[in-house]
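Trainee: Let me begin by handing over the structure; questions about it come next.
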Amino acid sequence: MKTTPYFILTLLTFTMLAFLPNSFAQDDTSEYVVRVIYFYPNDIEPQESVPATLSSLVKDVQKFFADEMERHGFDRKTFKLETDENDQLIVQQVIGKFDNTHYYTHYYGDPSRYGAAETEINDKIDRSKNVIYLSWIDLYNPNTVEFQISGIGSGSSSKGRVLLRSTNFDFANIERIPQNHYIRAWTVIFHELGHAFGLNHDFRNDVYIMSYGAAPDQLSYCAAKWLRTHRYFNTNETAINDNTMIKMLTPEVNSTQISIRLKFEIADPDGLHHAMLITQAAQGLIDCKELSGYSSTVEFVTTNITADSTVVSLGVMDSHGNFKTGKFSVSISSFLASKVVPIPDANLAKAVHEALALTPTTSITQLDMLKLTTLKRSEKQEHEIFLNTR
């Protein structure tokens with residue numbers, strides 16, 4: 001990854017077309033596209049195959065979105081990449097002001113983990129554009145040859161950013177890149193672009209690309225439904241965006257299931273399409289609901305809110321691909337602390353008291369039951385049936 005002299009004339013013909021210089025001197029009018037940026041320190045010479053490798057990676061991600069959208073019955077919808085007149089991916093390069101050591105060490109000392117490089121990238125781009133910027137920060141670790149990659153992503157209905165930071169990634173010819181390195185890079189790009197499109201973590205199944213699973217390879221139905229009307233998946237439509245109203249009603253406790261019922265009033269003059277419930281406790285998506293019309297009351301019944309939960313969020317996508325997220329404070333403890341759970345079976349009641357470290361005469365509340373994660377002996381199955389909990 002260090003500076004080498006082999007990067008000479010053979011690169012010129014190729015990169016004149018698809019690898020734009022540090023000045024970004026090109027037509028900057030494209031909107032609702034994903035724009036790719038390659039950042040490297042000033043003591044690294046980019047490998048000849050950087051544009052081709054990045055093109056292969058992001059186009060594979062683009063195709064995967066289309067495949068998954070089609071699998072869920074939503075046609076082959078996907079996002080657009082910024083390309084030239086020959087449909088070649090445009091890769092804009094940013095040469096860092098400092099050497100590799102500066103960015104590598106700054107990464108570990110900076111709470112944002114991308115601050116030094118991101119600041120320089122931001123100096124080169126126009127944040128007013130409706131564009132998602134996907135920036136690959138290429139570094140090397142002088143202490144090991146191990147490949148590593150991480151990323152962050154965020155976005156609104158109209159713009160967003162993805163920052164990828166790799167160490168020791170070999171941009172060699174595609175055929176020579178180790179398959180596990182390529183797949184790992186592809187997975188991180190997909191995941192972080194998902195965040196830029198407004199998708200949250202989804203740990204309901206490890207195969208979902210928005211999870212932390214070992215080999216995620218699916219877009220969930222909830223995610224696909226969200227993207228169906230997204231602006232970046234429908235770039236030919238006229239942009240319309242009136243304000244979305246989201247209001248949470250008073251939560252209710254389902255006493256027979258030890259669950260929480262959350263209800264929201266939603267309204268949007270553009271029409272309603274989809275809603276996703278996200279909780280702090282689950283660190284991601286809990287459930288989703290299909291919407292229609294211009295106003296609706298949507299409710300979710302869940303056991304995935306614990307006594308430690310303080311915030312829930314509801315993301316709403318309208319019919320024109322604009323989304324808004326409302327965050328609401330909740331206090332589950334106040335709803336459950338006074339609700340006594342009757343347990344007629346004396347043996348089962350004793351086992352629950354022991355598991356919760358309660359005295360035999362102490363009443364067992366719904367709040368206590370949320371803290372119960374294990375129960376010894378055969379009473380565990382009976383407890384699950386009796387309370388209808390997970």
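Following the order of the structure tokens, chains are lettered A, B, ..., residues in each are numbered from 1, and ligands are numbered from 1.
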Quick one: residues within 10 Å of Gly155 in chain A, only C-alpha atoms counted, chain neighbours fewer than 2 positions away excluded, as a list of chain:residue names?
Mentor: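 Counting only C-alpha atoms, the residues come to A:Val131, A:Ile132, A:Tyr133, A:Gly153, A:Ser157, A:Ser158, A:Lys159, A:Gly160, A:Arg161, A:Val162, A:Leu193, A:Gly194, A:His195, A:Ala196, A:Phe197, A:Gly198, A:Leu199.
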Trainee: Keeping only C-alpha atoms, write those residues as a PDB file, in the first residue's frame.
Mentor:
```pdb
ATOM      1  CA  VAL A 131     -26.620  13.278  -3.355  1.00  0.00           C
ATOM      2  CA  ILE A 132     -25.427  10.381  -1.221  1.00  0.00           C
ATOM      3  CA  TYR A 133     -21.652  10.546  -0.951  1.00  0.00           C
ATOM      4  CA  GLY A 153     -23.841   5.722   7.179  1.00  0.00           C
ATOM      5  CA  SER A 157     -34.962  11.572   2.163  1.00  0.00           C
ATOM      6  CA  SER A 158     -32.799  13.734  -0.097  1.00  0.00           C
ATOM      7  CA  LYS A 159     -29.140  13.299   0.850  1.00  0.00           C
ATOM      8  CA  GLY A 160     -26.749  11.221   2.891  1.00  0.00           C
ATOM      9  CA  ARG A 161     -23.238  10.039   3.476  1.00  0.00           C
ATOM     10  CA  VAL A 162     -21.362   6.762   3.804  1.00  0.00           C
ATOM     11  CA  LEU A 193     -25.880   2.428   2.235  1.00  0.00           C
ATOM     12  CA  GLY A 194     -28.930   0.939   3.939  1.00  0.00           C
ATOM     13  CA  HIS A 195     -28.437   3.416   6.781  1.00  0.00           C
ATOM     14  CA  ALA A 196     -28.090   6.246   4.229  1.00  0.00           C
ATOM     15  CA  PHE A 197     -31.467   5.167   2.808  1.00  0.00           C
ATOM     16  CA  GLY A 198     -33.023   5.409   6.281  1.00  0.00           C
ATOM     17  CA  LEU A 199     -32.895   1.721   7.241  1.00  0.00           C
TER      18      LEU A 199
END
```
Trainee: Using DSSP on the backbone coordinates, identify all residues within range 116-362 of chain A classified as alpha helix (DSSP H); present the result as a VMD selection string.
Mentor: chain A and resid 116 to 122 179 to 196 221 to 228 332 to 336 346 to 355
Trainee: Take the selection from the previous step and output its residues with C-alpha atoms, as a CSV table (one decimal), in the first residue's frame.
Mentor:
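What ended up in part38.csv:
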```csv
chain,number,residue,atom,x,y,z
A,116,ALA,CA,-9.6,13.9,9.9
A,117,ALA,CA,-10.4,12.5,6.5
A,118,GLU,CA,-14.1,13.4,6.6
A,119,THR,CA,-13.3,17.0,7.2
A,120,GLU,CA,-11.1,17.2,4.1
A,121,ILE,CA,-13.7,15.3,2.0
A,122,ASN,CA,-16.4,17.8,3.2
A,179,GLN,CA,-13.0,-13.6,-2.0
A,180,ASN,CA,-13.5,-13.1,1.7
A,181,HIS,CA,-12.0,-9.6,1.4
A,182,TYR,CA,-14.3,-8.7,-1.5
A,183,ILE,CA,-17.4,-10.1,0.2
A,184,ARG,CA,-16.6,-8.3,3.5
A,185,ALA,CA,-16.2,-5.0,1.7
A,186,TRP,CA,-19.4,-5.6,-0.3
A,187,THR,CA,-21.3,-6.4,2.9
A,188,VAL,CA,-20.1,-3.2,4.6
A,189,ILE,CA,-21.0,-1.0,1.6
A,190,PHE,CA,-24.5,-2.6,1.4
A,191,HIS,CA,-25.1,-2.2,5.2
A,192,GLU,CA,-24.0,1.4,5.4
A,193,LEU,CA,-25.9,2.4,2.2
A,194,GLY,CA,-28.9,0.9,3.9
A,195,HIS,CA,-28.4,3.4,6.8
A,196,ALA,CA,-28.1,6.2,4.2
A,221,TYR,CA,-39.5,-7.5,3.6
A,222,CYS,CA,-39.8,-4.5,5.9
A,223,ALA,CA,-36.7,-2.9,4.4
A,224,ALA,CA,-37.8,-3.6,0.8
A,225,LYS,CA,-41.2,-2.1,1.5
A,226,TRP,CA,-39.5,1.0,2.9
A,227,LEU,CA,-37.4,1.4,-0.2
A,228,ARG,CA,-40.2,0.8,-2.6
A,332,ILE,CA,-42.1,1.2,31.0
A,333,SER,CA,-41.4,0.9,34.7
A,334,SER,CA,-44.3,3.2,35.6
A,335,PHE,CA,-46.8,1.1,33.7
A,336,LEU,CA,-45.7,-2.3,35.1
A,346,ALA,CA,-47.6,-22.7,44.3
A,347,ASN,CA,-44.5,-24.5,42.9
A,348,LEU,CA,-44.3,-22.2,39.9
A,349,ALA,CA,-44.7,-19.2,42.2
A,350,LYS,CA,-41.9,-20.4,44.4
A,351,ALA,CA,-39.6,-20.9,41.4
A,352,VAL,CA,-40.3,-17.4,40.1
A,353,HIS,CA,-39.7,-15.9,43.6
A,354,GLU,CA,-36.4,-17.7,43.8
A,355,ALA,CA,-35.3,-16.7,40.3
```
Trainee: Mind checking which residues fall within 9 Å of range 230-233 of chain A, counting only C-alpha atoms, ignoring those fewer than 5 positions away in the same chain, and posting them as a PDB file with N, CA and C atoms, in the first residue's frame?
Mentor:
```pdb
ATOM      1  N   TYR A  32     -29.896  12.886  -6.719  1.00  0.00           N
ATOM      2  CA  TYR A  32     -30.471  11.592  -6.357  1.00  0.00           C
ATOM      3  C   TYR A  32     -29.661  10.452  -6.956  1.00  0.00           C
ATOM      4  N   VAL A  33     -28.346  10.577  -6.824  1.00  0.00           N
ATOM      5  CA  VAL A  33     -27.415   9.527  -7.236  1.00  0.00           C
ATOM      6  C   VAL A  33     -26.470   9.255  -6.074  1.00  0.00           C
ATOM      7  N   VAL A  34     -25.816   8.110  -6.127  1.00  0.00           N
ATOM      8  CA  VAL A  34     -24.741   7.794  -5.185  1.00  0.00           C
ATOM      9  C   VAL A  34     -23.428   8.160  -5.859  1.00  0.00           C
ATOM     10  N   LYS A  77     -36.227  -2.497  -8.599  1.00  0.00           N
ATOM     11  CA  LYS A  77     -35.890  -1.130  -8.199  1.00  0.00           C
ATOM     12  C   LYS A  77     -34.547  -1.111  -7.491  1.00  0.00           C
ATOM     13  N   THR A  78     -33.756  -0.085  -7.800  1.00  0.00           N
ATOM     14  CA  THR A  78     -32.476   0.091  -7.122  1.00  0.00           C
ATOM     15  C   THR A  78     -32.057   1.549  -7.265  1.00  0.00           C
ATOM     16  N   PHE A  79     -30.944   1.901  -6.649  1.00  0.00           N
ATOM     17  CA  PHE A  79     -30.450   3.268  -6.694  1.00  0.00           C
ATOM     18  C   PHE A  79     -29.596   3.493  -7.941  1.00  0.00           C
ATOM     19  N   LYS A  80     -29.339   4.751  -8.256  1.00  0.00           N
ATOM     20  CA  LYS A  80     -28.492   5.111  -9.384  1.00  0.00           C
ATOM     21  C   LYS A  80     -27.110   5.530  -8.903  1.00  0.00           C
ATOM     22  N   SER A 157     -34.268  11.929   3.399  1.00  0.00           N
ATOM     23  CA  SER A 157     -34.962  11.572   2.163  1.00  0.00           C
ATOM     24  C   SER A 157     -34.200  12.038   0.935  1.00  0.00           C
ATOM     25  N   SER A 158     -33.415  13.110   1.071  1.00  0.00           N
ATOM     26  CA  SER A 158     -32.799  13.734  -0.097  1.00  0.00           C
ATOM     27  C   SER A 158     -31.289  13.590  -0.183  1.00  0.00           C
ATOM     28  N   PHE A 197     -30.107   5.194   3.341  1.00  0.00           N
ATOM     29  CA  PHE A 197     -31.467   5.167   2.808  1.00  0.00           C
ATOM     30  C   PHE A 197     -32.524   5.197   3.914  1.00  0.00           C
ATOM     31  N   ALA A 239     -40.341  15.321  -7.272  1.00  0.00           N
ATOM     32  CA  ALA A 239     -40.189  15.395  -5.823  1.00  0.00           C
ATOM     33  C   ALA A 239     -41.316  16.212  -5.206  1.00  0.00           C
ATOM     34  N   MET A 317     -42.566   6.488   6.072  1.00  0.00           N
ATOM     35  CA  MET A 317     -42.285   6.780   4.667  1.00  0.00           C
ATOM     36  C   MET A 317     -43.592   7.154   3.985  1.00  0.00           C
ATOM     37  N   ASP A 318     -43.591   8.289   3.266  1.00  0.00           N
ATOM     38  CA  ASP A 318     -44.817   8.663   2.571  1.00  0.00           C
ATOM     39  C   ASP A 318     -44.841   8.086   1.157  1.00  0.00           C
ATOM     40  N   SER A 319     -45.912   8.347   0.438  1.00  0.00           N
ATOM     41  CA  SER A 319     -46.100   7.740  -0.882  1.00  0.00           C
ATOM     42  C   SER A 319     -45.182   8.316  -1.946  1.00  0.00           C
ATOM     43  N   HIS A 320     -44.498   9.418  -1.646  1.00  0.00           N
ATOM     44  CA  HIS A 320     -43.583  10.033  -2.600  1.00  0.00           C
ATOM     45  C   HIS A 320     -42.120   9.823  -2.214  1.00  0.00           C
ATOM     46  N   GLY A 321     -41.860   8.896  -1.284  1.00  0.00           N
ATOM     47  CA  GLY A 321     -40.475   8.533  -0.973  1.00  0.00           C
ATOM     48  C   GLY A 321     -39.780   9.417   0.015  1.00  0.00           C
ATOM     49  N   ASN A 322     -40.517  10.202   0.770  1.00  0.00           N
ATOM     50  CA  ASN A 322     -39.920  11.035   1.805  1.00  0.00           C
ATOM     51  C   ASN A 322     -40.172  10.387   3.160  1.00  0.00           C
ATOM     52  N   PHE A 323     -39.164  10.404   4.022  1.00  0.00           N
ATOM     53  CA  PHE A 323     -39.366   9.767   5.321  1.00  0.00           C
ATOM     54  C   PHE A 323     -39.018  10.715   6.465  1.00  0.00           C
TER      55      PHE A 323
END
```
Trainee: Using only C-alpha atoms, which protein or nucleic acid residues come within 7 Å of Glu290 in chain A? Drop anything in the same chain fewer than 6 positions from it, and give the result as a list in words.
Mentor: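 Residues near the query, excluding close chain neighbours: His273, His274 and Ala275 of chain A.
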Trainee: Determine the nearest neighbour of Trp136 in chain A from the options A:Tyr104, A:Phe98, A:Phe169, A:Tyr208, counting only C-alpha atoms.
Mentor: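 So, comparing all the options, the nearest one is A:Phe169.
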Trainee: Which residues come within 7 Å of Ile149 in chain A, counting only C-alpha atoms, excluding same-chain residues fewer than 4 positions away, as JSON, numbers by chain?
Mentor: {"A": [164, 165, 166, 167, 185]}
Trainee: As JSON, numbers by chain, please: every residue in range 44-276 of chain A that a backbone DSSP assignment puts in strand (DSSP E).
Mentor: {"A": [91, 92, 93, 94, 95, 131, 132, 133, 134, 135, 136, 137, 138, 139, 148, 149, 150, 151, 152, 153, 154, 155, 160, 161, 162, 163, 164, 165, 166, 167, 245, 246, 247, 248, 252, 253, 254, 259, 260, 261, 262, 263, 264, 265, 266, 267, 272, 273, 274, 275, 276]}
